[in-house]
>>> print(open('work_9.cif').read())   # mmCIF, C-alpha atoms
data_model
#
loop_
_atom_site.group_PDB
_atom_site.id
_atom_site.type_symbol
_atom_site.label_atom_id
_atom_site.label_comp_id
_atom_site.auth_asym_id
_atom_site.auth_seq_id
_atom_site.Cartn_x
_atom_site.Cartn_y
_atom_site.Cartn_z
ATOM 1 C CA GLN A 1 16.562 -4.418 4.970
ATOM 2 C CA VAL A 2 17.233 -4.395 8.709
ATOM 3 C CA GLN A 3 19.799 -2.274 10.501
ATOM 4 C CA LEU A 4 21.136 -3.293 13.893
ATOM 5 C CA VAL A 5 23.073 -1.166 16.358
ATOM 6 C CA GLU A 6 24.696 -2.755 19.416
ATOM 7 C CA SER A 7 25.659 -0.866 22.547
ATOM 8 C CA GLY A 8 26.633 -1.518 26.141
ATOM 9 C CA GLY A 9 30.057 -3.034 25.742
ATOM 10 C CA GLY A 10 33.049 -1.957 27.774
ATOM 11 C CA LEU A 11 35.790 -2.929 30.177
ATOM 12 C CA VAL A 12 34.808 -4.813 33.323
ATOM 13 C CA GLN A 13 36.619 -6.831 35.965
ATOM 14 C CA ALA A 14 36.127 -10.556 36.241
ATOM 15 C CA GLY A 15 32.943 -11.293 38.160
ATOM 16 C CA GLY A 16 31.283 -8.111 36.961
ATOM 17 C CA SER A 17 28.244 -7.564 34.760
ATOM 18 C CA LEU A 18 27.311 -5.815 31.544
ATOM 19 C CA ARG A 19 24.074 -5.521 29.606
ATOM 20 C CA LEU A 20 24.298 -5.361 25.850
ATOM 21 C CA SER A 21 21.501 -3.864 23.776
ATOM 22 C CA CYS A 22 20.756 -4.273 20.097
ATOM 23 C CA ALA A 23 18.336 -1.804 18.547
ATOM 24 C CA ALA A 24 16.769 -2.781 15.235
ATOM 25 C CA SER A 25 15.207 -0.647 12.543
ATOM 26 C CA GLY A 26 12.076 -1.631 10.699
ATOM 27 C CA ARG A 27 8.513 -2.506 11.543
ATOM 28 C CA THR A 28 8.889 -6.281 11.365
ATOM 29 C CA PHE A 29 11.279 -6.791 14.281
ATOM 30 C CA SER A 30 8.682 -8.838 16.120
ATOM 31 C CA SER A 31 8.667 -11.332 13.234
ATOM 32 C CA TYR A 32 12.325 -12.257 13.596
ATOM 33 C CA ALA A 33 14.266 -14.651 15.716
ATOM 34 C CA MET A 34 17.406 -12.963 17.040
ATOM 35 C CA GLY A 35 20.827 -14.157 18.032
ATOM 36 C CA TRP A 36 23.963 -12.997 19.803
ATOM 37 C CA PHE A 37 27.397 -14.126 18.649
ATOM 38 C CA ARG A 38 30.923 -13.230 19.708
ATOM 39 C CA GLN A 39 34.333 -13.267 18.111
ATOM 40 C CA ALA A 40 37.611 -13.175 19.978
ATOM 41 C CA PRO A 41 40.874 -12.232 18.235
ATOM 42 C CA GLY A 42 42.122 -15.067 16.057
ATOM 43 C CA LYS A 43 39.009 -17.154 16.604
ATOM 44 C CA VAL A 44 35.905 -17.891 14.597
ATOM 45 C CA ARG A 45 32.612 -16.216 15.357
ATOM 46 C CA GLU A 46 30.715 -18.342 17.843
ATOM 47 C CA PHE A 47 27.116 -18.641 18.927
ATOM 48 C CA VAL A 48 26.178 -17.229 22.323
ATOM 49 C CA ALA A 49 22.377 -17.139 22.562
ATOM 50 C CA ALA A 50 19.210 -16.991 20.492
ATOM 51 C CA ILE A 51 15.563 -16.138 21.083
ATOM 52 C CA THR A 52 12.386 -16.661 19.093
ATOM 53 C CA ARG A 53 10.257 -13.791 17.875
ATOM 54 C CA SER A 54 7.909 -14.050 20.835
ATOM 55 C CA GLY A 55 10.687 -14.633 23.366
ATOM 56 C CA GLY A 56 9.080 -17.911 24.304
ATOM 57 C CA SER A 57 12.039 -20.148 23.418
ATOM 58 C CA ILE A 58 15.697 -19.504 24.100
ATOM 59 C CA ALA A 59 18.989 -21.291 23.507
ATOM 60 C CA TYR A 60 22.447 -20.720 24.991
ATOM 61 C CA THR A 61 25.874 -22.087 24.347
ATOM 62 C CA ASP A 62 26.998 -24.210 27.276
ATOM 63 C CA SER A 63 29.762 -21.865 28.410
ATOM 64 C CA VAL A 64 27.320 -19.038 29.240
ATOM 65 C CA LYS A 65 24.390 -20.981 30.688
ATOM 66 C CA GLY A 66 23.487 -19.694 34.120
ATOM 67 C CA ARG A 67 25.460 -16.474 33.586
ATOM 68 C CA PHE A 68 23.953 -14.816 30.507
ATOM 69 C CA THR A 69 20.305 -14.010 29.793
ATOM 70 C CA ILE A 70 18.883 -13.073 26.413
ATOM 71 C CA SER A 71 15.616 -11.152 26.268
ATOM 72 C CA ARG A 72 13.723 -8.877 23.924
ATOM 73 C CA ASP A 73 11.268 -6.006 23.985
ATOM 74 C CA ASN A 74 9.338 -5.999 20.726
ATOM 75 C CA ALA A 75 7.714 -2.655 21.565
ATOM 76 C CA LYS A 76 11.191 -1.123 21.602
ATOM 77 C CA ASN A 77 12.610 -3.179 18.714
ATOM 78 C CA THR A 78 15.435 -4.201 21.023
ATOM 79 C CA VAL A 79 17.112 -7.423 22.100
ATOM 80 C CA TYR A 80 19.290 -7.604 25.197
ATOM 81 C CA LEU A 81 22.070 -9.757 26.544
ATOM 82 C CA GLN A 82 22.528 -9.539 30.296
ATOM 83 C CA MET A 83 25.961 -10.878 31.176
ATOM 84 C CA ASN A 84 26.779 -11.702 34.793
ATOM 85 C CA SER A 85 29.774 -13.352 36.454
ATOM 86 C CA LEU A 86 31.931 -12.372 33.521
ATOM 87 C CA LYS A 87 35.193 -14.199 32.899
ATOM 88 C CA PRO A 88 38.304 -13.168 30.958
ATOM 89 C CA GLU A 89 37.420 -15.789 28.349
ATOM 90 C CA ASP A 90 34.221 -13.837 27.601
ATOM 91 C CA THR A 91 36.371 -11.095 26.073
ATOM 92 C CA ALA A 92 35.296 -10.628 22.449
ATOM 93 C CA VAL A 93 33.416 -8.432 20.042
ATOM 94 C CA TYR A 94 29.726 -9.212 20.500
ATOM 95 C CA TYR A 95 27.347 -9.102 17.551
ATOM 96 C CA CYS A 96 23.594 -9.314 17.321
ATOM 97 C CA ALA A 97 21.971 -10.817 14.270
ATOM 98 C CA VAL A 98 18.574 -11.268 12.655
ATOM 99 C CA ARG A 99 17.238 -14.533 11.352
ATOM 100 C CA SER A 100 14.554 -13.367 8.940
ATOM 101 C CA ILE A 101 13.037 -16.768 8.214
ATOM 102 C CA SER A 102 11.321 -19.036 10.701
ATOM 103 C CA GLY A 103 10.934 -16.644 13.566
ATOM 104 C CA THR A 104 9.754 -19.501 15.739
ATOM 105 C CA TYR A 105 13.025 -21.454 15.464
ATOM 106 C CA TYR A 106 15.249 -20.678 18.421
ATOM 107 C CA ASN A 107 18.225 -22.981 17.937
ATOM 108 C CA ALA A 108 20.037 -21.519 14.918
ATOM 109 C CA ARG A 109 23.700 -21.644 15.997
ATOM 110 C CA LEU A 110 25.598 -21.007 12.788
ATOM 111 C CA PRO A 111 26.424 -17.511 11.503
ATOM 112 C CA GLY A 112 25.211 -18.514 8.050
ATOM 113 C CA GLU A 113 21.706 -18.976 9.407
ATOM 114 C CA TYR A 114 21.410 -15.240 10.065
ATOM 115 C CA ASP A 115 20.780 -12.559 7.496
ATOM 116 C CA TYR A 116 21.610 -9.202 9.052
ATOM 117 C CA TRP A 117 24.342 -8.215 11.480
ATOM 118 C CA GLY A 118 25.247 -5.276 13.637
ATOM 119 C CA GLN A 119 28.675 -3.685 13.731
ATOM 120 C CA GLY A 120 29.588 -5.267 17.053
ATOM 121 C CA THR A 121 30.456 -3.992 20.500
ATOM 122 C CA GLN A 122 33.686 -4.776 22.356
ATOM 123 C CA VAL A 123 33.528 -6.544 25.715
ATOM 124 C CA THR A 124 36.774 -6.816 27.644
ATOM 125 C CA VAL A 125 36.968 -8.680 30.946
ATOM 126 C CA SER A 126 40.102 -8.163 32.995
ATOM 127 C CA SER A 127 41.401 -10.724 35.468
#
>>> encode(input="work_9.cif", output="C-alpha cells")
Amino acid sequence: QVQLVESGGGLVQAGGSLRLSCAASGRTFSSYAMGWFRQAPGKVREFVAAITRSGGSIAYTDSVKGRFTISRDNAKNTVYLQMNSLKPEDTAVYYCAVRSISGTYYNARLPGEYDYWGQGTQVTVSS
C-alpha cells in the first residue's frame, strides 16, 4: 500500500508559477514510475506528466511542454511538478499517482495504468 499527499496548489495569476509536491509513504518509492494528472470541472482526468523510477525518462502532454517540469527526489520520497507560465486553462485539481509495475516505463498516459492516487490539490489560474 502506498499513500500519496499532494501540496503546493493555490490561486495564481496567469503567467505565474507554482510548484506542486507529492510525498509518498513506503520504502519502495524509488521502484515506482510516477505521474501527474489533472481534472477540471466537467472534464475527464487527463495526463500531464510522468517520470521513471530513476528520473531518467520523462513524458509530457503537449499542452504543458516547455512550461511544466516533472522531477523526483527518491531520498525524500517526493515527486514535484514545477509549473511556469500558467494559463487559465491549467485550472484543475492536480493528482499524483503511482505506477507500481514497470518502473522503467515513462509513457503511461491513462489513469487506469496507475495504482495509487493522492487526494489532489487545487490549482486556480486567474486571467
>>> closest_atom_pairs(input="work_9.cif", of="region 11-56 of chain A", to="region 101-119 of chain A", cutoff="7 Å", atoms="all atoms listed in the file", output="JSON lines")
{"residue": "A:Ser31", "atom": "CA", "partner": "A:Gly103", "partner_atom": "CA", "distance": 5.8}
{"residue": "A:Tyr32", "atom": "CA", "partner": "A:Gly103", "partner_atom": "CA", "distance": 4.6}
{"residue": "A:Ala33", "atom": "CA", "partner": "A:Gly103", "partner_atom": "CA", "distance": 4.4}
{"residue": "A:Phe47", "atom": "CA", "partner": "A:Arg109", "partner_atom": "CA", "distance": 5.4}
{"residue": "A:Ala50", "atom": "CA", "partner": "A:Tyr106", "partner_atom": "CA", "distance": 5.8}
{"residue": "A:Ile51", "atom": "CA", "partner": "A:Tyr106", "partner_atom": "CA", "distance": 5.3}
{"residue": "A:Thr52", "atom": "CA", "partner": "A:Tyr106", "partner_atom": "CA", "distance": 5.0}
{"residue": "A:Arg53", "atom": "CA", "partner": "A:Gly103", "partner_atom": "CA", "distance": 5.2}
>>> closest_residue(input="work_9.cif", among="A:Thr78, A:Ile58, A:Gly120, A:Ser85", to="Ser21 (chain A)", atoms="only C-alpha atoms")
A:Thr78
>>> resolve_selection(input="work_9.cif", expression="the PyMOL selection byres ((chain A and resi 74) around 10)", output="NGL selection string")
:A and (24 or 27-32 or 53-55 or 71-73 or 75-79)
>>> atom_distance(input="work_9.cif", atom1="CA of Ser126 (chain A)", atom2="CA of Pro41 (chain A)")
15.3 Å
>>> closest_residue(input="work_9.cif", among="A:Val5, A:Ala40, A:Leu20, A:Leu81", to="Tyr60 (chain A)", atoms="all atoms listed in the file")
A:Leu81
>>> closest_residue(input="work_9.cif", among="A:Leu4, A:Cys96, A:Leu11, A:Cys22", to="Val48 (chain A)", atoms="all atoms listed in the file")
A:Cys96
>>> atom_distance(input="work_9.cif", atom1="CA of Trp36 (chain A)", atom2="CA of Pro88 (chain A)")
18.2 Å
>>> resolve_selection(input="work_9.cif", expression="the PyMOL selection byres ((chain A and resi 66) around 12)", output="VMD selection string")
chain A and resid 49 59 to 65 67 to 70 82 to 86
>>> residues_near_point(input="work_9.cif", point="(18.2, -14.0, 15.3)", cutoff="6 Å", atoms="only C-alpha atoms", output="PyMOL selection string")
chain A and resi 33-35+97-99
>>> atom_distance(input="work_9.cif", atom1="CA of Thr91 (chain A)", atom2="CA of Gly56 (chain A)")
28.2 Å
>>> closest_residue(input="work_9.cif", among="A:Arg45, A:Gly15, A:Gly26, A:Ser127", to="Ala92 (chain A)", atoms="all atoms listed in the file")
A:Arg45
>>> residues_around(input="work_9.cif", residues="Val12 (chain A)", least_positions_apart="3", cutoff="8 Å", atoms="all atoms listed in the file", output="count of residues only")
7
>>> closest_residue(input="work_9.cif", among="A:Glu89, A:Gln3, A:Tyr94, A:Arg38", to="Ala23 (chain A)", atoms="only C-alpha atoms")
A:Gln3
>>> decode(input="work_9.cif", residues="region 20-41 of chain A", atoms="N, CA, C and O atoms", output="PDB file, in the first residue's frame")
ATOM      1  N   LEU A  20       4.148  22.034  -7.325  1.00  0.00           N
ATOM      2  CA  LEU A  20       3.414  21.010  -6.604  1.00  0.00           C
ATOM      3  C   LEU A  20       4.386  19.950  -6.099  1.00  0.00           C
ATOM      4  O   LEU A  20       5.365  19.621  -6.762  1.00  0.00           O
ATOM      5  N   SER A  21       4.081  19.425  -4.915  1.00  0.00           N
ATOM      6  CA  SER A  21       4.848  18.331  -4.338  1.00  0.00           C
ATOM      7  C   SER A  21       3.912  17.168  -4.054  1.00  0.00           C
ATOM      8  O   SER A  21       2.739  17.359  -3.746  1.00  0.00           O
ATOM      9  N   CYS A  22       4.465  15.979  -4.126  1.00  0.00           N
ATOM     10  CA  CYS A  22       3.706  14.772  -3.807  1.00  0.00           C
ATOM     11  C   CYS A  22       4.612  13.888  -2.965  1.00  0.00           C
ATOM     12  O   CYS A  22       5.605  13.342  -3.466  1.00  0.00           O
ATOM     13  N   ALA A  23       4.278  13.772  -1.696  1.00  0.00           N
ATOM     14  CA  ALA A  23       5.066  12.963  -0.769  1.00  0.00           C
ATOM     15  C   ALA A  23       4.454  11.567  -0.664  1.00  0.00           C
ATOM     16  O   ALA A  23       3.240  11.425  -0.468  1.00  0.00           O
ATOM     17  N   ALA A  24       5.292  10.562  -0.781  1.00  0.00           N
ATOM     18  CA  ALA A  24       4.820   9.179  -0.766  1.00  0.00           C
ATOM     19  C   ALA A  24       5.306   8.453   0.475  1.00  0.00           C
ATOM     20  O   ALA A  24       6.435   8.675   0.946  1.00  0.00           O
ATOM     21  N   SER A  25       4.469   7.584   0.988  1.00  0.00           N
ATOM     22  CA  SER A  25       4.875   6.725   2.100  1.00  0.00           C
ATOM     23  C   SER A  25       5.499   5.461   1.536  1.00  0.00           C
ATOM     24  O   SER A  25       5.350   5.137   0.363  1.00  0.00           O
ATOM     25  N   GLY A  26       6.194   4.724   2.390  1.00  0.00           N
ATOM     26  CA  GLY A  26       6.710   3.441   1.959  1.00  0.00           C
ATOM     27  C   GLY A  26       8.161   3.487   1.547  1.00  0.00           C
ATOM     28  O   GLY A  26       8.686   4.527   1.152  1.00  0.00           O
ATOM     29  N   ARG A  27       8.801   2.331   1.633  1.00  0.00           N
ATOM     30  CA  ARG A  27      10.232   2.250   1.370  1.00  0.00           C
ATOM     31  C   ARG A  27      10.568   1.950  -0.079  1.00  0.00           C
ATOM     32  O   ARG A  27      11.729   1.927  -0.435  1.00  0.00           O
ATOM     33  N   THR A  28       9.547   1.724  -0.911  1.00  0.00           N
ATOM     34  CA  THR A  28       9.815   1.301  -2.284  1.00  0.00           C
ATOM     35  C   THR A  28       9.509   2.394  -3.291  1.00  0.00           C
ATOM     36  O   THR A  28       9.338   2.120  -4.470  1.00  0.00           O
ATOM     37  N   PHE A  29       9.463   3.629  -2.845  1.00  0.00           N
ATOM     38  CA  PHE A  29       9.148   4.754  -3.735  1.00  0.00           C
ATOM     39  C   PHE A  29      10.071   4.757  -4.934  1.00  0.00           C
ATOM     40  O   PHE A  29       9.653   5.006  -6.057  1.00  0.00           O
ATOM     41  N   SER A  30      11.339   4.482  -4.712  1.00  0.00           N
ATOM     42  CA  SER A  30      12.311   4.553  -5.803  1.00  0.00           C
ATOM     43  C   SER A  30      12.111   3.459  -6.848  1.00  0.00           C
ATOM     44  O   SER A  30      12.764   3.478  -7.892  1.00  0.00           O
ATOM     45  N   SER A  31      11.207   2.526  -6.594  1.00  0.00           N
ATOM     46  CA  SER A  31      10.915   1.466  -7.558  1.00  0.00           C
ATOM     47  C   SER A  31       9.824   1.853  -8.544  1.00  0.00           C
ATOM     48  O   SER A  31       9.617   1.160  -9.548  1.00  0.00           O
ATOM     49  N   TYR A  32       9.111   2.939  -8.261  1.00  0.00           N
ATOM     50  CA  TYR A  32       7.896   3.254  -8.992  1.00  0.00           C
ATOM     51  C   TYR A  32       8.096   4.374 -10.004  1.00  0.00           C
ATOM     52  O   TYR A  32       8.735   5.383  -9.713  1.00  0.00           O
ATOM     53  N   ALA A  33       7.452   4.188 -11.159  1.00  0.00           N
ATOM     54  CA  ALA A  33       7.233   5.336 -12.028  1.00  0.00           C
ATOM     55  C   ALA A  33       6.099   6.165 -11.417  1.00  0.00           C
ATOM     56  O   ALA A  33       5.227   5.626 -10.725  1.00  0.00           O
ATOM     57  N   MET A  34       6.124   7.455 -11.664  1.00  0.00           N
ATOM     58  CA  MET A  34       5.136   8.368 -11.090  1.00  0.00           C
ATOM     59  C   MET A  34       4.516   9.222 -12.181  1.00  0.00           C
ATOM     60  O   MET A  34       5.160   9.504 -13.205  1.00  0.00           O
ATOM     61  N   GLY A  35       3.293   9.648 -11.933  1.00  0.00           N
ATOM     62  CA  GLY A  35       2.632  10.507 -12.898  1.00  0.00           C
ATOM     63  C   GLY A  35       1.872  11.625 -12.214  1.00  0.00           C
ATOM     64  O   GLY A  35       1.537  11.538 -11.032  1.00  0.00           O
ATOM     65  N   TRP A  36       1.651  12.686 -12.971  1.00  0.00           N
ATOM     66  CA  TRP A  36       0.756  13.777 -12.571  1.00  0.00           C
ATOM     67  C   TRP A  36      -0.400  13.829 -13.570  1.00  0.00           C
ATOM     68  O   TRP A  36      -0.177  13.744 -14.794  1.00  0.00           O
ATOM     69  N   PHE A  37      -1.598  13.965 -13.024  1.00  0.00           N
ATOM     70  CA  PHE A  37      -2.806  14.128 -13.831  1.00  0.00           C
ATOM     71  C   PHE A  37      -3.549  15.356 -13.332  1.00  0.00           C
ATOM     72  O   PHE A  37      -3.245  15.873 -12.251  1.00  0.00           O
ATOM     73  N   ARG A  38      -4.522  15.805 -14.094  1.00  0.00           N
ATOM     74  CA  ARG A  38      -5.369  16.912 -13.647  1.00  0.00           C
ATOM     75  C   ARG A  38      -6.795  16.696 -14.126  1.00  0.00           C
ATOM     76  O   ARG A  38      -7.029  16.006 -15.135  1.00  0.00           O
ATOM     77  N   GLN A  39      -7.716  17.281 -13.391  1.00  0.00           N
ATOM     78  CA  GLN A  39      -9.125  17.161 -13.749  1.00  0.00           C
ATOM     79  C   GLN A  39      -9.809  18.492 -13.500  1.00  0.00           C
ATOM     80  O   GLN A  39      -9.871  18.962 -12.364  1.00  0.00           O
ATOM     81  N   ALA A  40     -10.314  19.069 -14.575  1.00  0.00           N
ATOM     82  CA  ALA A  40     -11.078  20.302 -14.494  1.00  0.00           C
ATOM     83  C   ALA A  40     -12.555  19.960 -14.325  1.00  0.00           C
ATOM     84  O   ALA A  40     -12.989  18.853 -14.682  1.00  0.00           O
ATOM     85  N   PRO A  41     -13.349  20.887 -13.796  1.00  0.00           N
ATOM     86  CA  PRO A  41     -14.776  20.612 -13.598  1.00  0.00           C
ATOM     87  C   PRO A  41     -15.465  20.203 -14.903  1.00  0.00           C
ATOM     88  O   PRO A  41     -15.300  20.850 -15.927  1.00  0.00           O
TER      89      PRO A  41
END
